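Report on the following structure.
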Amino acid sequence: MSCTQPLPPPVTWAQRKNIVFLTICLEDCRSPIIKFEDDKIYFKGSGGTEKKDYEYTYDLYKEIDTEKSRSFPRDRNIELILVKKEEGPYWPHLLKQKVKQHWLKVDFSRWKDEDDSDDEGEGQNQDLEEMMRQMGGLGGGDSRPSLDDLEDEDSDDDDLPDLE
């Protein structure tokens with residue numbers, strides 16, 4: 001009888017002064033359990049092509065605001081927006097332990113260097129609210145954007161201008 005211990009799922013992360021983006025890269029994870037604590041996130045779910053069980057408690061580098069942090073389960077992954085309790089300098093790493101984890105990678109598509117974020121300035125909170133609205137709403141509901149207003153015609157059918 002083999003007792004296999006649940007695995008930590010593959011994760012990517014990026015951050016700003018006031019938020020951390022955490023993406024749990026697990027396809028077809030139905031009904032994941034996600035619990036936010038001040039300095040921890042608990043995840044449990046099964047998914048991926050082999051429907052493996054995953055479970056992990058992430059001991060975060062610093063505290064988050066559990067009331068404002070949200071999770072957005074999707075078909076291909078689960079996106080979390082963690083609101084830092086203290087806005088300020090970037091965290092040097094995501095987890096408390098400064099140990100390299102094979103399942104944890106930087107999300108370079110969302111990464112911004114700390115000195116780049118100064119030009120975002122005052123509108124950063126509005127950006128967060130707008131981003132959360134686009135991702136599925138602040139209420140954590142499962143509302144998805146309607147695609148009814150999209151036209152049926154294929155844009156590939158349009159004539160291309162002649163090359164000169």
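Ordering of the structure tokens sets the chain letters (A, B, ...); residue numbers start at 1 within each chain; ligands are numbered from 1 in the order shown.
Shell of Ser109 of chain A at 12 Å, with only C-alpha atoms counted and residues fewer than 3 places along the chain excluded, is Thr12, Trp13, Ala14, Gln15, Phe21, Thr23, Lys105, Val106, Lys112 and Asp113 of chain A.
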Store the residues of this selection in a file with N, CA, C and O atoms, as a PDB file, in the first residue's frame.
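Once written, out-v6.pdb looks like this:
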ATOM      1  N   THR A  12       3.452  30.309 -10.005  1.00  0.00           N
ATOM      2  CA  THR A  12       4.240  31.460 -10.451  1.00  0.00           C
ATOM      3  C   THR A  12       3.774  32.660  -9.641  1.00  0.00           C
ATOM      4  O   THR A  12       2.630  32.708  -9.182  1.00  0.00           O
ATOM      5  N   TRP A  13       4.680  33.649  -9.473  1.00  0.00           N
ATOM      6  CA  TRP A  13       4.305  34.821  -8.691  1.00  0.00           C
ATOM      7  C   TRP A  13       4.992  36.071  -9.216  1.00  0.00           C
ATOM      8  O   TRP A  13       6.021  35.997  -9.877  1.00  0.00           O
ATOM      9  N   ALA A  14       4.371  37.212  -8.939  1.00  0.00           N
ATOM     10  CA  ALA A  14       4.927  38.522  -9.263  1.00  0.00           C
ATOM     11  C   ALA A  14       4.357  39.479  -8.219  1.00  0.00           C
ATOM     12  O   ALA A  14       3.433  39.130  -7.486  1.00  0.00           O
ATOM     13  N   GLN A  15       4.897  40.691  -8.152  1.00  0.00           N
ATOM     14  CA  GLN A  15       4.407  41.611  -7.129  1.00  0.00           C
ATOM     15  C   GLN A  15       4.498  43.066  -7.546  1.00  0.00           C
ATOM     16  O   GLN A  15       5.172  43.417  -8.511  1.00  0.00           O
ATOM     17  N   PHE A  21       0.777  38.799  -6.997  1.00  0.00           N
ATOM     18  CA  PHE A  21       0.019  37.925  -7.897  1.00  0.00           C
ATOM     19  C   PHE A  21       0.547  36.513  -7.700  1.00  0.00           C
ATOM     20  O   PHE A  21       1.745  36.289  -7.813  1.00  0.00           O
ATOM     21  N   THR A  23      -0.192  32.595  -9.089  1.00  0.00           N
ATOM     22  CA  THR A  23      -0.949  31.762 -10.023  1.00  0.00           C
ATOM     23  C   THR A  23      -0.620  30.305  -9.732  1.00  0.00           C
ATOM     24  O   THR A  23       0.534  29.897  -9.828  1.00  0.00           O
ATOM     25  N   LYS A 105       8.097  29.626  -9.360  1.00  0.00           N
ATOM     26  CA  LYS A 105       8.834  30.396 -10.369  1.00  0.00           C
ATOM     27  C   LYS A 105       8.292  31.827 -10.435  1.00  0.00           C
ATOM     28  O   LYS A 105       7.157  32.084 -10.058  1.00  0.00           O
ATOM     29  N   VAL A 106       9.110  32.726 -10.941  1.00  0.00           N
ATOM     30  CA  VAL A 106       8.691  34.110 -11.130  1.00  0.00           C
ATOM     31  C   VAL A 106       7.820  34.198 -12.381  1.00  0.00           C
ATOM     32  O   VAL A 106       8.123  33.586 -13.398  1.00  0.00           O
ATOM     33  N   LYS A 112       7.184  43.472 -12.484  1.00  0.00           N
ATOM     34  CA  LYS A 112       7.651  44.840 -12.693  1.00  0.00           C
ATOM     35  C   LYS A 112       8.689  45.094 -11.627  1.00  0.00           C
ATOM     36  O   LYS A 112       8.477  44.774 -10.458  1.00  0.00           O
ATOM     37  N   ASP A 113       9.812  45.656 -12.017  1.00  0.00           N
ATOM     38  CA  ASP A 113      10.828  45.972 -11.022  1.00  0.00           C
ATOM     39  C   ASP A 113      10.334  47.068 -10.100  1.00  0.00           C
ATOM     40  O   ASP A 113       9.527  47.905 -10.481  1.00  0.00           O
TER      41      ASP A 113
END
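Among the candidate residues A:Phe36, A:Asn18, A:Pro161, A:Ser46, the one lying nearest to Glu114 of chain A is A:Asn18, with distances computed using only C-alpha atoms.
Nearest-residue note for Cys25 of chain A: choosing from A:Lys51, A:Lys96, A:Lys62, A:Arg74, the minimum distance belongs to A:Arg74, counting only C-alpha atoms.
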Practice task
Figure out the distance between atom CA of Asp65 of chain A and atom CA of Lys84 of chain A, please, to one decimal in Å.
Solution key: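 Atom-to-atom, atom CA of Lys84 of chain A and atom CA of Asp65 of chain A are spaced 5.9 Å apart.
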Exercise for the section: Can you pull out every residue within 9 Å of segment 98-103 of chain A, counting only C-alpha atoms, but drop anything in the same chain fewer than 4 positions away, and send it as an NGL selection string? Expected result: :A and (8-12 or 93-94)
Problem - Gly47 of chain A surroundings by only C-alpha atoms, 9 Å radius, close-in-sequence under 3 positions cut, as a list in words - result: Leu26, Glu27, Asp28, Cys29, Arg30, Glu50, Lys51, Lys52, Asp53 and Tyr54 of chain A
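Among A:Leu104, A:Ser31, A:Ile19, A:Gln97, the residue with the shortest atom-to-atom distance to Lys68 of chain A, counting only C-alpha atoms, is A:Ile19.
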Handout entry: Option closest in space to Glu37 of chain A, from A:Leu60, A:Leu80, A:Leu163, A:Ile24 [counting only C-alpha atoms]
Key = A:Leu60
